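What follows is one structure encoded as C-alpha cells, with my remarks underneath.
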Amino acid sequence: MSDSQSPSGVPPAEGGRASSPSGGPPAMDLVAVIRSKSYLAALLLAAVLGIPISAIAYGFLALVTAVQEFLFDDLPQQIFAGRVPAWWPVPWLVLCGLLTGLTVRYLPGNGGHSPAFGFKAGGGAPADRELPGIVLAALTTLGLGAVLGPEAPLIAIGGGLAALVVRLVRKDAPPMALTIMASAGSFAAISTLLGSPVLGAFLIMEIAGIGGATLSLVALPGLLASGIGALVFIGLDNWSGLGTFSLALTSVPPGVGPTVATMAWAVALGAAGALLSWVIRWIGLSLRPVVHVNRVLVTAGLGLVIGLAAMAYQLISGNSFTQVLFSGQAALPGLVEHAADYSVGVLILLAVCKMLAYGVSLSAFRGGPVFPSMYIGALLGIATAGLPGMSLAPAIGMGIGAMCAAMLRLPLTSTLLATLLLGADGVLVTPQVVVAVVVAFVLTHVLPVPGPKEPAHLPAGGPDPATTAGRPVPQSPGRSRSPRSG
C-alpha cells in the first residue's frame, strides 16, 4: 500500500492525518477527502450511474406490475365471464413457490438475503454472478403474488450493478470506493419508491448503521444518485405512460392534533404492533427449518398456503383475494380512501390473512418487509379509528409507525414512513407516531426471540443447507460463515 492511500481507500488529508484525541486510530480529515480528485470523481460517477440504474429499477418494477396485472386481472377476465373465482390465485402461488425455490436452490447467491431476518447491514454488495438469481427470485416472488415488497431486491440490484461497474473500471478499487458507489447505486434504485428520495436514502443509511465522517462521505454520492434517479423515474413515468411506482396516498384523511386520548392510544397501538409483529416473525422463523428440509417442494407448499389464505378471504368477505396478495403498496391508497367501507370484522379477517401470508412469505421467498408492514399497520389503525378519542389520520400513522418499527427495527425510518405518507397533515400526528414507534421498538427488543434457534452449524442468516449440499462452504479459521441468509 502506498503512503498516499489509507487502508479504507479514502485518500488522507494533506500533510498526513492527525491522531484522534483518545489516542485511537487517526481521525479522517473530511474536508481534505471531499476536496480530493478521487472523491470528486466518485461524485461524478455516482451521478452518471444514477441514470441507468434508476432506469433498470423502473423497468423491473414495470415488469413486476405487468406480470401481476396480466395473471390476476387481464387473463381471468378473458377466461371467466363473471367475477374471478376465489381459487384463481392458488395455482399461481404454487408456481410462485416452485420457481422461487428452484432459483434459490440452484442459482448462486441464494436469491439474496432472507427477509425473515430483516435488512442486513455489513454484507456488502452482491457479486455480479449473484445478480441473476436475485432478479429472478424477486421477480417470481413479487409477480406471482407472495406478500413481500420490492425494496430489498432493488437495493441489492442497484448496489451490485454499481459495484460491478467500479470493478470493471478499476479492478483494484479500494474497499471504501466500492462501498460508496454500491451505496449510491442502492440510493438510485429506490430513489422514489417510498415517495421521496430523502426517505429512501434515510432507509439505506439507517440500515447501514454508519455515522460520523463515513456517513457524510457515503451520503453525498448517494443523495446525488438518488436525485438523478428521481428525475429518471419522473421522466419515465411521463414518457412511458406506465404510471408511477412511488408510494403515495390518493386521499389523505384530515390531520388531528395530539390529545391526551390519542397519546394514550399511541402506547396501546405501539404494544399491539410489537405483538402482531412478533407473531408474523414467529411464523416466518418457525417455518425456516422446514424449508431447509427440501427447499423446492416446501416453498411450493408454502405458496399453496398463501393462495388458500387469499381464497378464504374472498369466500368469507366477498372482497377480492388481491387484497391479501402482493406487498400492499398499490392497495394501500385504496384501503385508506375507502376505509369507511370496511367493517371491523372484515378488517380483522383481512389482517389475519395478510399476516399469515406475510409470515409464510418471510420464511422462504425473496423480497422486502417494508410495504406489507405498512399495509398491516394501516389495517390496525383503521380498525381502531372508531375508538373513543381516536380519529383516522393519527390512527393510521400510529399503526404504520408501530408495525414498521417492530418489523424493520429502524425507528427513525419508521417514523418518517408514517408521517411523510400523510403529507402536510403528518406534522400534526408526529407526536403520537413517535410514541407508538418508541413503544413498539422497545417491546420488540423485550419480547423473546420468536421461532426456534438456528442449528449450531448454521448461524442465524447463514447459507441454506439445501443450497450448499455437496459443496463445502469456505470458512477461514476463527471466522464465522457468510451472513448471507437462506
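Labels used: A, B, ... for chains in the order of the C-alpha cells, numbers from 1 for residues in each chain, and numbers from 1 for ligands as shown.
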
For range 381-443 of chain A versus range 328-352 of chain A, which residues have an atom no more than 9 Å away, and what is each residue's nearest atom pair and distance in Å rounded to one decimal, using only C-alpha atoms, chain-then-number order, as JSON lines?
{"residue": "A:Ile382", "atom": "CA", "partner": "A:Ala339", "partner_atom": "CA", "distance": 6.6}
{"residue": "A:Ala383", "atom": "CA", "partner": "A:Val344", "partner_atom": "CA", "distance": 5.6}
{"residue": "A:Thr384", "atom": "CA", "partner": "A:Val344", "partner_atom": "CA", "distance": 8.4}
{"residue": "A:Leu392", "atom": "CA", "partner": "A:Ala339", "partner_atom": "CA", "distance": 8.7}
{"residue": "A:Ile396", "atom": "CA", "partner": "A:Val336", "partner_atom": "CA", "distance": 8.4}

Range 125-224 of chain A near range 397-409 of chain A within 12 Å: what's each residue's closest atom pair and its distance in Å to one decimal, counting only C-alpha atoms, ordered by chain then ascending residue number, as a Markdown table?
| residue | atom | partner | partner_atom | distance |
| --- | --- | --- | --- | --- |
| A:Ala152 | CA | A:Leu408 | CA | 11.6 |
| A:Leu203 | CA | A:Leu408 | CA | 10.0 |
| A:Ile204 | CA | A:Leu408 | CA | 11.9 |
| A:Glu206 | CA | A:Arg409 | CA | 9.8 |
| A:Ile207 | CA | A:Arg409 | CA | 9.2 |
| A:Gly209 | CA | A:Arg409 | CA | 11.8 |

Once you have the residues from the selection above, write them out as a PDB file, in the first residue's frame, restricted to N, CA, C and O atoms.
ATOM      1  N   ALA A 152     -36.010  -4.404  -0.945  1.00  0.00           N
ATOM      2  CA  ALA A 152     -34.762  -5.119  -0.661  1.00  0.00           C
ATOM      3  C   ALA A 152     -34.089  -5.625  -1.931  1.00  0.00           C
ATOM      4  O   ALA A 152     -32.872  -5.458  -2.093  1.00  0.00           O
ATOM      5  N   LEU A 203     -33.576   5.350   4.675  1.00  0.00           N
ATOM      6  CA  LEU A 203     -33.699   3.916   4.916  1.00  0.00           C
ATOM      7  C   LEU A 203     -32.355   3.219   4.768  1.00  0.00           C
ATOM      8  O   LEU A 203     -31.944   2.436   5.635  1.00  0.00           O
ATOM      9  N   ILE A 204     -31.641   3.512   3.683  1.00  0.00           N
ATOM     10  CA  ILE A 204     -30.371   2.841   3.426  1.00  0.00           C
ATOM     11  C   ILE A 204     -29.333   3.229   4.482  1.00  0.00           C
ATOM     12  O   ILE A 204     -28.570   2.382   4.962  1.00  0.00           O
ATOM     13  N   GLU A 206     -29.852   4.180   7.588  1.00  0.00           N
ATOM     14  CA  GLU A 206     -30.144   3.576   8.887  1.00  0.00           C
ATOM     15  C   GLU A 206     -29.876   2.079   8.864  1.00  0.00           C
ATOM     16  O   GLU A 206     -29.451   1.502   9.864  1.00  0.00           O
ATOM     17  N   ILE A 207     -30.096   1.433   7.717  1.00  0.00           N
ATOM     18  CA  ILE A 207     -29.757   0.022   7.596  1.00  0.00           C
ATOM     19  C   ILE A 207     -28.259  -0.179   7.774  1.00  0.00           C
ATOM     20  O   ILE A 207     -27.805  -1.086   8.480  1.00  0.00           O
ATOM     21  N   GLY A 209     -26.133   1.632   9.337  1.00  0.00           N
ATOM     22  CA  GLY A 209     -25.683   1.881  10.696  1.00  0.00           C
ATOM     23  C   GLY A 209     -24.365   2.619  10.775  1.00  0.00           C
ATOM     24  O   GLY A 209     -23.574   2.402  11.700  1.00  0.00           O
TER      25      GLY A 209
END

- Message: From the options A:Gly97, A:Gly270, A:Gly50, A:Pro91, which residue's atoms come nearest to Pro411 in chain A, counting only C-alpha atoms?
- Response: A:Gly270

- Message: So the first atom is CA of Gly222 in chain A and the second is CA of Ala55 in chain A; what is the distance between them in Å, to one decimal place?
- Response: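 A separation of 16.0 Å between them.
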
- Might you pull out every residue within 8 Å of Ala189 in chain A, with only C-alpha atoms counted and same-chain residues fewer than 3 positions away left off, and present them as a list in words?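 Within the cut-off, the hits are Gly50, Ile53, Ser54, Ile56, Ala57, Tyr58, Leu154, Ile155, Ile157, Gly158, Gly185, Ser186, Ser226 and Gly229 of chain A.
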
- Go through A:Trp88, A:Trp239, A:Phe119, A:Trp278 one by one, measure the shortest atom-to-atom distance of each to Arg366 in chain A using only C-alpha atoms, and give the residue with the smallest value. A:Phe119

- Message: Considering only alpha helix (DSSP H) as DSSP defines it on the backbone, what residues of range 64-202 of chain A qualify? List them as a count of residues only.
- Response: 82

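The shortest atom-to-atom distance to Cys96 in chain A, with only C-alpha atoms taken into account, belongs to A:Gly145 out of A:Gly145, A:Gly359, A:Gly451, A:Gly200.
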
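Taking only C-alpha atoms, the non-local environment of range 245-250 of chain A within 6 Å (same-chain residues fewer than 3 positions away omitted) comprises Thr192, Leu193, Leu194, Gly195 and Pro333 of chain A.
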
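Here CA of Glu130 in chain A stands at a distance of 4.7 Å from CA of Gly109 in chain A.
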
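Taking CA of Ala173 in chain A and CA of Ala188 in chain A as the two end points, the separation is 20.9 Å.
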
Which residues come within 9 Å of range 165-169 of chain A, counting only C-alpha atoms, excluding same-chain residues fewer than 3 positions away, as a tab-separated table (two decimals) with C-alpha atoms, in the first residue's frame?
chain	number	residue	atom	x	y	z
A	49	LEU	CA	-24.56	5.67	-12.69
A	160	GLY	CA	-24.49	-4.89	-7.16
A	161	LEU	CA	-24.63	-3.11	-10.52
A	162	ALA	CA	-22.72	-0.10	-9.21
A	172	ASP	CA	-8.01	-2.86	-7.66
A	173	ALA	CA	-10.61	-0.37	-6.42
A	177	ALA	CA	-14.70	3.25	-3.18
A	178	LEU	CA	-16.76	0.09	-3.61
A	181	MET	CA	-20.51	3.51	-5.20
A	182	ALA	CA	-22.55	0.48	-4.12

- Message: List as an MDAnalysis selection string the protein and nucleic acid residues near range 421-431 of chain A, meaning an atom at most 9 Å away when only C-alpha atoms are counted, but skip any in the same chain fewer than 2 places from it.
- Response: chainID A and resid 194:195 247:249 252:258 263 393:398 415:419 433:436

Could you list, with a cut-off of 7 Å and counting only C-alpha atoms, the residues of range 57-149 of chain A near range 285-308 of chain A, each shown with its nearest atom pair and the distance in Å rounded to one decimal, rows sorted by chain and ascending number, as a tab-separated table?
residue	atom	partner	partner_atom	distance
A:Pro89	CA	A:Gly307	CA	5.4
A:Val90	CA	A:Gly307	CA	4.2
A:Leu93	CA	A:Gly303	CA	4.6
A:Val94	CA	A:Gly303	CA	4.7
A:Leu95	CA	A:Ala300	CA	6.7
A:Cys96	CA	A:Gly303	CA	6.4
A:Gly97	CA	A:Ala300	CA	3.9
A:Leu98	CA	A:Ala300	CA	4.6
A:Gly101	CA	A:Val296	CA	4.3
A:Leu102	CA	A:Val296	CA	5.7
A:Arg105	CA	A:Arg295	CA	6.6
A:Ala116	CA	A:Leu285	CA	6.4

Could you save the residues just selected, with C-alpha atoms, as an mmCIF file, in the first residue's frame?
data_model
loop_
_atom_site.group_PDB
_atom_site.id
_atom_site.type_symbol
_atom_site.label_atom_id
_atom_site.label_comp_id
_atom_site.auth_asym_id
_atom_site.auth_seq_id
_atom_site.Cartn_x
_atom_site.Cartn_y
_atom_site.Cartn_z
ATOM 1 C CA PRO A 89 -54.594 -17.434 -7.065
ATOM 2 C CA VAL A 90 -53.916 -20.931 -5.688
ATOM 3 C CA LEU A 93 -48.894 -19.192 -5.760
ATOM 4 C CA VAL A 94 -47.824 -22.833 -6.030
ATOM 5 C CA LEU A 95 -45.928 -21.927 -9.196
ATOM 6 C CA CYS A 96 -44.505 -18.928 -7.352
ATOM 7 C CA GLY A 97 -43.101 -21.196 -4.652
ATOM 8 C CA LEU A 98 -41.787 -23.716 -7.167
ATOM 9 C CA GLY A 101 -37.421 -22.423 -4.636
ATOM 10 C CA LEU A 102 -35.627 -23.557 -7.788
ATOM 11 C CA ARG A 105 -31.672 -23.714 -4.664
ATOM 12 C CA ALA A 116 -37.093 -13.308 7.750
#
